[in-house]
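Q: After the structure tokens below, expect a handful of questions from me.
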Amino acid sequence: MHPLPTPADLSAAHSLPAATEKAVAQHRETVADVLAGRDPRLLAIVGPCSVHDPEAALEYADLLAPAARRLADDLVVVFRAYLEKPRTVAGWTGLLTSPRLDGKSDLSTGLRVGRSFLTEAAATGLPLAYEFVDPALSAYVADTVSWGAIGARTVASQPHRHLASWLPMPIGMKNCVSGRLDTAVAALQAAAHQHTLPAVSPDGRLTMLHSTGNPDTHLVLRGGPTPNYDRANVAQARAALAAVGLPERIVVDASHGNSGKDHNRQPAVVADVAAQISDGDPALVGVMIESYLADGRQDIAADIARRDLSVTDACLGWSRTEPLLESLALAARRRRARP
């Protein structure tokens, strides 16, 4: 057994300044307003598949932040700051659990490194996106997060659904790896209800939480064996949400099953979704893009050759990402201008 620092310990060591705390709260409200249609802009959730080098990821954030400010009339840009990596069988599980990328777990160090990164990333002024993989670790990171995800491999999990009902930010639920929507739709329904759930308290004790239900959950289409971002699939998703009385609001993930894990196909996905948005589809509230400093990916090795290249899914380089953000901003502007 290896004792870990408590969430309170890490929050004290890597605290959010009052101004950043206020900004996180405002970002959460802004994202909720976009989801509800009170804000006509479009969410653009952009960044690396999984952060493996905090300094390089902050360099990426320094590129993304000016673009976010420039396009702020039409887009709410959210930085993907994912530190946990779900696996079907085995593999690197992310910076929190294996910060040295050497195949050895060091959660204590990973929590410290990850918490430090998140506080610095939040200080850029960008809203942060995070996938909650291990519910027990949420207390260490949740206060920095403005948009959360429950992934395709955990969306059927009761603890994750209950966690989503308590988390104080909008949560996107991905369709299953199989491509089926019904599990994610059920997860949205479950997270809207009140639940009682065990959790780690700030002082490290196991405690009981009583959630009030999350009003800002929504569907994320990430594809499966075949893509599901086109008009027919979006219409099917809208119908599935409407059939159970859920709001028709959808984020499209341009990567994963929708790109066949080929980063070069992401621009075509974005172009298709942008056309649907330009034509006035109100259900499309956001787009997710896997993007990093350089194009492509590399395998994890004892000595990572390039800090600017993803070690998980292949990403679009920044030079190819910025034009996609501009196209999404134009699509949002055209939708807003429609009578």
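Within each chain, counting starts at residue 1; across the structure tokens, chains are named A, B, ... in the order shown, with ligands numbered 1 upward in that order.
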Considering only C-alpha atoms, return as an NGL selection string whatever protein or nucleic-acid residues lie within 6 Å of stretch 219-225 of chain A, sequence-local ones (same chain, fewer than 4 positions apart) excluded.
A: :A and (172-175 or 177-179 or 250-253 or 257-258)
Q: Okay, now the selection with all heavy atoms, as a PDB file, in the first residue's frame?
A:
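The new file part11.pdb reads:
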ATOM      1  N   GLY A 172     -20.422  15.826 -21.237  1.00  0.00           N
ATOM      2  CA  GLY A 172     -20.779  15.145 -22.471  1.00  0.00           C
ATOM      3  C   GLY A 172     -20.642  13.648 -22.313  1.00  0.00           C
ATOM      4  O   GLY A 172     -19.643  13.161 -21.774  1.00  0.00           O
ATOM      5  N   MET A 173     -21.641  12.908 -22.767  1.00  0.00           N
ATOM      6  CA  MET A 173     -21.643  11.447 -22.709  1.00  0.00           C
ATOM      7  C   MET A 173     -21.439  10.893 -24.123  1.00  0.00           C
ATOM      8  O   MET A 173     -22.240  11.167 -25.022  1.00  0.00           O
ATOM      9  CB  MET A 173     -22.977  10.932 -22.162  1.00  0.00           C
ATOM     10  CG  MET A 173     -23.344  11.464 -20.783  1.00  0.00           C
ATOM     11  SD  MET A 173     -22.450  10.595 -19.493  1.00  0.00           S
ATOM     12  CE  MET A 173     -23.473  10.987 -18.065  1.00  0.00           C
ATOM     13  N   LYS A 174     -20.384  10.101 -24.310  1.00  0.00           N
ATOM     14  CA  LYS A 174     -20.089   9.561 -25.633  1.00  0.00           C
ATOM     15  C   LYS A 174     -20.871   8.286 -25.910  1.00  0.00           C
ATOM     16  O   LYS A 174     -21.115   7.488 -25.000  1.00  0.00           O
ATOM     17  CB  LYS A 174     -18.589   9.279 -25.766  1.00  0.00           C
ATOM     18  CG  LYS A 174     -17.740  10.530 -25.893  1.00  0.00           C
ATOM     19  CD  LYS A 174     -16.349  10.188 -26.367  1.00  0.00           C
ATOM     20  CE  LYS A 174     -15.570  11.447 -26.719  1.00  0.00           C
ATOM     21  NZ  LYS A 174     -14.244  11.140 -27.311  1.00  0.00           N
ATOM     22  N   ASN A 175     -21.238   8.101 -27.189  1.00  0.00           N
ATOM     23  CA  ASN A 175     -21.818   6.813 -27.561  1.00  0.00           C
ATOM     24  C   ASN A 175     -20.778   5.708 -27.402  1.00  0.00           C
ATOM     25  O   ASN A 175     -19.570   5.957 -27.386  1.00  0.00           O
ATOM     26  CB  ASN A 175     -22.383   6.837 -28.976  1.00  0.00           C
ATOM     27  CG  ASN A 175     -21.339   7.024 -30.066  1.00  0.00           C
ATOM     28  OD1 ASN A 175     -21.198   8.123 -30.596  1.00  0.00           O
ATOM     29  ND2 ASN A 175     -20.599   5.971 -30.420  1.00  0.00           N
ATOM     30  N   VAL A 177     -18.325   2.359 -27.924  1.00  0.00           N
ATOM     31  CA  VAL A 177     -17.376   2.000 -28.971  1.00  0.00           C
ATOM     32  C   VAL A 177     -18.085   1.259 -30.103  1.00  0.00           C
ATOM     33  O   VAL A 177     -17.701   1.367 -31.271  1.00  0.00           O
ATOM     34  CB  VAL A 177     -16.236   1.146 -28.380  1.00  0.00           C
ATOM     35  CG1 VAL A 177     -15.297   0.662 -29.473  1.00  0.00           C
ATOM     36  CG2 VAL A 177     -15.461   1.948 -27.339  1.00  0.00           C
ATOM     37  N   SER A 178     -19.136   0.526 -29.770  1.00  0.00           N
ATOM     38  CA  SER A 178     -19.919  -0.199 -30.777  1.00  0.00           C
ATOM     39  C   SER A 178     -20.685   0.727 -31.707  1.00  0.00           C
ATOM     40  O   SER A 178     -21.170   0.292 -32.756  1.00  0.00           O
ATOM     41  CB  SER A 178     -20.916  -1.129 -30.086  1.00  0.00           C
ATOM     42  OG  SER A 178     -21.918  -0.363 -29.412  1.00  0.00           O
ATOM     43  N   GLY A 179     -20.796   1.995 -31.323  1.00  0.00           N
ATOM     44  CA  GLY A 179     -21.569   2.956 -32.098  1.00  0.00           C
ATOM     45  C   GLY A 179     -22.997   3.122 -31.630  1.00  0.00           C
ATOM     46  O   GLY A 179     -23.692   4.047 -32.065  1.00  0.00           O
ATOM     47  N   ILE A 250     -26.075  18.173 -29.262  1.00  0.00           N
ATOM     48  CA  ILE A 250     -25.108  17.168 -29.703  1.00  0.00           C
ATOM     49  C   ILE A 250     -23.767  17.831 -29.980  1.00  0.00           C
ATOM     50  O   ILE A 250     -23.693  18.859 -30.664  1.00  0.00           O
ATOM     51  CB  ILE A 250     -25.606  16.469 -30.988  1.00  0.00           C
ATOM     52  CG1 ILE A 250     -26.928  15.718 -30.728  1.00  0.00           C
ATOM     53  CG2 ILE A 250     -24.551  15.528 -31.546  1.00  0.00           C
ATOM     54  CD1 ILE A 250     -27.652  15.323 -31.995  1.00  0.00           C
ATOM     55  N   VAL A 251     -22.717  17.228 -29.452  1.00  0.00           N
ATOM     56  CA  VAL A 251     -21.343  17.566 -29.815  1.00  0.00           C
ATOM     57  C   VAL A 251     -20.837  16.445 -30.720  1.00  0.00           C
ATOM     58  O   VAL A 251     -21.054  15.261 -30.428  1.00  0.00           O
ATOM     59  CB  VAL A 251     -20.446  17.700 -28.571  1.00  0.00           C
ATOM     60  CG1 VAL A 251     -18.972  17.791 -28.961  1.00  0.00           C
ATOM     61  CG2 VAL A 251     -20.854  18.909 -27.737  1.00  0.00           C
ATOM     62  N   VAL A 252     -20.163  16.798 -31.805  1.00  0.00           N
ATOM     63  CA  VAL A 252     -19.586  15.801 -32.707  1.00  0.00           C
ATOM     64  C   VAL A 252     -18.077  15.750 -32.489  1.00  0.00           C
ATOM     65  O   VAL A 252     -17.386  16.774 -32.561  1.00  0.00           O
ATOM     66  CB  VAL A 252     -19.885  16.114 -34.179  1.00  0.00           C
ATOM     67  CG1 VAL A 252     -19.103  15.167 -35.098  1.00  0.00           C
ATOM     68  CG2 VAL A 252     -21.378  15.997 -34.451  1.00  0.00           C
ATOM     69  N   ASP A 253     -17.580  14.559 -32.201  1.00  0.00           N
ATOM     70  CA  ASP A 253     -16.152  14.291 -32.086  1.00  0.00           C
ATOM     71  C   ASP A 253     -15.624  13.970 -33.481  1.00  0.00           C
ATOM     72  O   ASP A 253     -16.029  12.978 -34.088  1.00  0.00           O
ATOM     73  CB  ASP A 253     -15.942  13.123 -31.122  1.00  0.00           C
ATOM     74  CG  ASP A 253     -14.485  12.741 -30.927  1.00  0.00           C
ATOM     75  OD1 ASP A 253     -13.614  13.315 -31.602  1.00  0.00           O
ATOM     76  OD2 ASP A 253     -14.226  11.853 -30.096  1.00  0.00           O
ATOM     77  N   GLY A 257     -13.947   7.084 -33.861  1.00  0.00           N
ATOM     78  CA  GLY A 257     -14.642   6.332 -34.896  1.00  0.00           C
ATOM     79  C   GLY A 257     -15.083   7.177 -36.067  1.00  0.00           C
ATOM     80  O   GLY A 257     -15.279   6.652 -37.176  1.00  0.00           O
ATOM     81  N   ASN A 258     -15.252   8.483 -35.864  1.00  0.00           N
ATOM     82  CA  ASN A 258     -15.690   9.344 -36.968  1.00  0.00           C
ATOM     83  C   ASN A 258     -14.583   9.618 -37.977  1.00  0.00           C
ATOM     84  O   ASN A 258     -14.865   9.997 -39.117  1.00  0.00           O
ATOM     85  CB  ASN A 258     -16.245  10.659 -36.421  1.00  0.00           C
ATOM     86  CG  ASN A 258     -17.683  10.513 -35.981  1.00  0.00           C
ATOM     87  OD1 ASN A 258     -18.424   9.704 -36.536  1.00  0.00           O
ATOM     88  ND2 ASN A 258     -18.095  11.288 -34.984  1.00  0.00           N
TER      89      ASN A 258
END
Q: Pick out the residues sitting within 10 Å of A:Gly103, and hand them over as number ranges by chain; count only C-alpha atoms, and ignore anything fewer than 6 positions along from it in its own chain.
A: A: 91-93, 97, 300-302
Q: Put those residues in a file: N, CA and C atoms, as an mmCIF file, in the first residue's frame.
A:
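Output file selection38.cif follows:
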data_model
loop_
_atom_site.group_PDB
_atom_site.id
_atom_site.type_symbol
_atom_site.label_atom_id
_atom_site.label_comp_id
_atom_site.auth_asym_id
_atom_site.auth_seq_id
_atom_site.Cartn_x
_atom_site.Cartn_y
_atom_site.Cartn_z
ATOM 1 N N GLY A 91 -2.242 -0.684 -21.861
ATOM 2 C CA GLY A 91 -1.550 0.425 -22.498
ATOM 3 C C GLY A 91 -1.304 1.545 -21.497
ATOM 4 N N TRP A 92 -0.669 2.613 -21.967
ATOM 5 C CA TRP A 92 -0.395 3.764 -21.108
ATOM 6 C C TRP A 92 -1.709 4.395 -20.675
ATOM 7 N N THR A 93 -1.898 4.572 -19.379
ATOM 8 C CA THR A 93 -3.186 5.047 -18.855
ATOM 9 C C THR A 93 -3.170 6.519 -18.473
ATOM 10 N N THR A 97 -1.408 8.509 -13.805
ATOM 11 C CA THR A 97 -0.989 7.211 -13.274
ATOM 12 C C THR A 97 0.439 6.846 -13.642
ATOM 13 N N ILE A 300 5.246 5.251 -27.551
ATOM 14 C CA ILE A 300 5.910 5.483 -26.276
ATOM 15 C C ILE A 300 7.168 4.633 -26.212
ATOM 16 N N ALA A 301 8.274 5.264 -25.850
ATOM 17 C CA ALA A 301 9.548 4.555 -25.713
ATOM 18 C C ALA A 301 10.238 5.050 -24.452
ATOM 19 N N ALA A 302 11.353 4.433 -24.129
ATOM 20 C CA ALA A 302 12.074 4.817 -22.913
ATOM 21 C C ALA A 302 12.493 6.277 -22.971
#
Q: Closest to A:Phe79 among A:Ala275, A:Leu197, A:Leu4, A:Leu126, using only C-alpha atoms?
A: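 Among the listed residues, A:Leu126 lies closest to A:Phe79.
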Q: Let me make sure I understand: among A:Leu309, A:Ala56, A:Ala192, A:Ala274, which one has the smallest atom-to-atom distance to A:Leu324 if we use only C-alpha atoms?
A: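 Of all the options, A:Ala274 lies closest to A:Leu324.
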Q: What lies within 9 Å of A:Asp272 using only C-alpha atoms, ignoring chain neighbours under 6 positions off, as JSON, numbers by chain?
A: {"A": [229, 230, 231]}
Q: Generate the output file for the selected residues, C-alpha atoms, as an mmCIF file, in the first residue's frame.
A:
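Saved the output as selection_0.cif:
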data_model
loop_
_atom_site.group_PDB
_atom_site.id
_atom_site.type_symbol
_atom_site.label_atom_id
_atom_site.label_comp_id
_atom_site.auth_asym_id
_atom_site.auth_seq_id
_atom_site.Cartn_x
_atom_site.Cartn_y
_atom_site.Cartn_z
ATOM 1 C CA TYR A 229 -21.480 12.568 -37.861
ATOM 2 C CA ASP A 230 -23.470 12.966 -41.090
ATOM 3 C CA ARG A 231 -26.959 14.446 -41.412
#
Q: From the set A:Ala186, A:Leu209, A:Ala72, A:Leu64, which residue has the shortest atom-to-atom contact distance to A:Ala156, counting only C-alpha atoms?
A: A:Ala186
Q: Got a sec: who's within 9 Å of A:Leu10, counting only C-alpha atoms, leaving out chain neighbours fewer than 5 positions off, as a PyMOL selection string?
A: chain A and resi 5+15+111-112+115-116+140
Q: Pick from A:Pro170, A:Gly94, A:Pro48, A:Pro40: nearest to A:Asp73, with only C-alpha atoms counted?
A: A:Pro40
Q: Given only C-alpha atoms as the basis, pick out the residue of A:Val270, A:Ala294, A:Ala65, A:Val34 nearest to A:Asp308.
A: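 The answer is A:Ala294, which sits nearest to A:Asp308.
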